[in-house]
$ cat protein-v9.txt   # compact mmCIF, C-alpha atoms
# COMPACT_ATOMS: atom_id res chain seq x y z
CA MET F 829 -8.65 54.42 22.68
CA ARG F 830 -5.21 55.78 23.52
CA CYS F 831 -4.18 52.30 24.71
CA ALA F 832 -4.95 50.59 21.39
CA PRO F 833 -1.87 51.96 19.54
CA LEU F 834 0.31 51.13 22.53
CA VAL F 835 -1.01 47.56 22.77
CA LEU F 836 -0.60 47.11 19.02
CA GLY F 837 2.98 48.40 19.19
CA VAL F 838 3.88 46.07 22.07
CA TRP F 839 2.33 43.13 20.23
CA LEU F 840 4.27 43.92 17.04
CA VAL F 841 7.56 44.15 18.94
CA ALA F 842 6.89 40.83 20.71
CA ALA F 843 5.88 39.10 17.49
CA THR F 844 8.88 40.28 15.49
CA SER F 845 11.31 39.38 18.27
CA ALA F 846 9.82 35.88 18.50
CA ILE F 847 10.24 35.41 14.76
CA ALA F 848 13.79 36.71 14.88
CA GLN F 849 14.70 34.18 17.60
CA GLU F 850 13.63 31.12 15.57
CA PRO F 851 16.71 29.20 14.45
CA GLU F 852 17.34 28.91 10.73
CA PRO F 853 16.97 25.39 9.34
CA ASP F 854 20.18 23.47 8.79
CA PRO F 855 20.64 23.01 5.00
CA GLU F 856 22.06 19.49 5.47
CA SER F 857 19.15 18.26 7.58
CA ALA F 858 16.68 19.85 5.15
CA ALA F 859 18.26 17.96 2.26
CA GLU F 860 18.19 14.70 4.22
CA SER F 861 14.52 15.12 5.14
CA ALA F 862 13.62 15.79 1.51
CA PHE F 863 14.81 12.29 0.60
CA ALA F 864 13.56 10.53 3.72
CA PRO F 865 10.45 8.38 3.32
CA ALA F 866 7.23 10.02 4.41
CA ALA F 867 6.03 9.13 7.89
CA THR F 868 2.57 8.38 6.54
CA PRO F 869 1.84 7.16 3.04
CA ASP F 870 0.14 9.40 0.55
CA PRO F 871 -3.64 9.24 1.02
CA GLY F 872 -5.08 6.99 -1.62
CA SER F 873 -1.68 5.58 -2.56
CA MET F 874 -3.08 2.05 -2.36
CA LEU F 875 -5.70 2.88 -4.98
CA PRO F 876 -4.79 2.44 -8.65
CA GLY F 877 -4.77 5.47 -10.91
CA GLY F 878 -7.43 6.15 -13.45
CA PRO F 879 -10.25 8.54 -14.21
CA VAL F 880 -12.37 7.36 -11.26
CA LYS F 881 -9.71 7.74 -8.55
CA PRO F 882 -10.27 11.51 -8.20
CA LEU F 883 -13.98 10.82 -7.62
CA VAL F 884 -13.14 8.43 -4.78
CA LEU F 885 -10.63 10.89 -3.33
CA GLY F 886 -13.14 13.73 -3.56
CA TYR F 887 -16.33 12.08 -2.34
CA CYS F 888 -15.11 9.47 0.13
CA ASP F 889 -12.44 11.49 1.91
CA LYS F 890 -15.00 14.07 3.06
CA CYS F 891 -16.53 11.77 5.67
CA HIS F 892 -13.75 9.35 6.55
CA GLY F 893 -10.11 8.84 5.76
CA LEU F 894 -8.96 6.96 2.70
CA ALA F 895 -7.18 4.43 4.90
CA TRP F 896 -10.65 3.26 5.92
CA ILE F 897 -11.46 2.52 2.28
CA GLU F 898 -8.07 0.91 1.60
CA ARG F 899 -8.63 -1.56 4.45
CA SER F 900 -11.97 -2.55 2.95
CA GLY F 901 -12.86 -4.95 0.22
CA GLY F 902 -16.02 -5.94 -1.52
CA SER F 903 -17.82 -7.20 -4.57
CA LEU F 904 -19.54 -4.92 -7.06
CA ASP F 905 -22.86 -5.44 -5.27
CA GLY F 906 -21.20 -4.88 -1.90
CA TRP F 907 -19.60 -1.58 -2.93
CA THR F 908 -22.82 -0.42 -4.61
CA SER F 909 -24.78 -1.19 -1.46
CA ARG F 910 -22.21 0.66 0.68
CA LEU F 911 -22.30 3.75 -1.51
CA TYR F 912 -26.11 3.94 -1.35
CA ARG F 913 -25.92 3.41 2.44
CA MET F 914 -23.34 6.21 2.68
CA ASN F 915 -25.66 8.52 0.76
CA ARG F 916 -28.50 7.70 3.15
CA ALA F 917 -26.13 8.62 6.00
CA GLY F 918 -25.39 12.01 4.45
CA ALA F 919 -22.71 11.50 1.81
CA MET F 920 -23.19 13.47 -1.40
CA VAL F 921 -22.13 10.95 -4.06
CA PRO F 922 -24.22 11.65 -7.19
CA VAL F 923 -26.46 8.67 -7.92
CA GLU F 924 -25.25 8.55 -11.54
CA GLN F 925 -21.65 8.15 -10.28
CA ILE F 926 -22.34 5.26 -7.88
CA ALA F 927 -22.08 2.47 -10.48
CA VAL F 928 -18.79 3.81 -11.85
CA ILE F 929 -17.25 4.27 -8.40
CA ALA F 930 -18.50 0.86 -7.22
CA GLU F 931 -16.98 -0.86 -10.26
CA TYR F 932 -13.64 0.89 -9.69
CA LEU F 933 -13.60 -0.04 -5.99
CA ALA F 934 -14.60 -3.65 -6.71
CA GLN F 935 -11.63 -3.97 -9.06
CA ALA F 936 -9.20 -2.04 -6.86
CA LEU F 937 -10.31 -3.51 -3.54
CA PRO F 938 -11.98 -6.87 -4.22
CA GLU F 939 -13.76 -8.95 -1.66
CA ARG F 940 -11.36 -10.54 0.77
CA PRO F 941 -11.65 -14.10 2.03
CA ARG F 942 -13.18 -14.42 5.45
CA PRO F 943 -10.81 -15.47 8.21
CA PRO F 944 -11.22 -19.07 9.37
CA GLU F 945 -13.70 -19.65 12.15
CA PRO F 946 -12.21 -20.29 15.57
CA PRO F 947 -12.13 -23.94 16.62
CA LYS F 948 -15.25 -25.15 18.37
CA LYS F 949 -15.07 -26.23 21.97
CA ARG F 950 -14.79 -29.95 22.44
CA SER F 951 -17.83 -31.64 23.79
CA GLY F 952 -17.60 -34.46 26.24
CA PRO F 953 -16.05 -34.87 29.64
CA SER F 954 -13.45 -32.34 30.61
CA PHE F 955 -10.07 -33.29 32.05
CA SER F 956 -10.97 -31.92 35.48
CA SER F 957 -14.18 -33.95 35.72
CA SER F 958 -12.30 -37.19 34.96
CA LEU F 959 -9.98 -36.51 37.91
CA GLU F 960 -12.88 -36.05 40.30
CA GLU F 961 -14.43 -39.38 39.30
CA SER F 962 -11.26 -41.41 40.00
CA PRO F 963 -11.27 -43.42 43.26
$ encode --input "protein-v9.txt" --output "structure tokens"
Amino acid sequence: MRCAPLVLGVWLVAATSAIAQEPEPDPESAAESAFAPAATPDPGSMLPGGPVKPLVLGYCDKCHGLAWIERSGGSLDGWTSRLYRMNRAGAMVPVEQIAVIAEYLAQALPERPRPPEPPKKRSGPSFSSSLEESP
């Protein structure tokens, strides 16, 4: 027990000396960084404002980032289905809020067109087979 005050004293001296050695921030660089654009956008910045946005920020951000939602799109039925599926997976969105949130998300992040299908492979003889058949 006699060592405890000694250890505490050594720790306090080390901690205060480490704090004292930290350089003070340069006022000019601090002012520049205050006006510099943020490295990452504000979570939910792609979502329009309104009374439902805080519900989306509160419920959806608990399980996955808002960037995941912002990259999504869907119809009213699609968003409704997703929200029920999320609840089955453990989300805690109140059932009475699902329709309101789904409507907001369907308007804010509508269904996106599907990308075009890749071109199909040509059928018929290939170029290499026509070379082999030549005399």
$ residues_around --input "protein-v9.txt" --residues "Met914 in chain F" --least-positions-apart "4" --cutoff "12 Å" --atoms "only C-alpha atoms" --output "ChimeraX atom specification"
/F:887-888,890-892,907-910,918-923,926
$ closest_residue --input "protein-v9.txt" --among "F:Gly877, F:Gly893, F:Asp905, F:Lys948" --to "Ala936 in chain F" --atoms "only C-alpha atoms"
F:Gly877
$ atom_distance --input "protein-v9.txt" --atom1 "CA of Pro882 in chain F" --atom2 "CA of Leu904 in chain F"
18.9 Å
$ atom_distance --input "protein-v9.txt" --atom1 "CA of Ala895 in chain F" --atom2 "CA of Pro876 in chain F"
13.9 Å
$ atom_distance --input "protein-v9.txt" --atom1 "CA of Pro941 in chain F" --atom2 "CA of Val880 in chain F"
25.3 Å
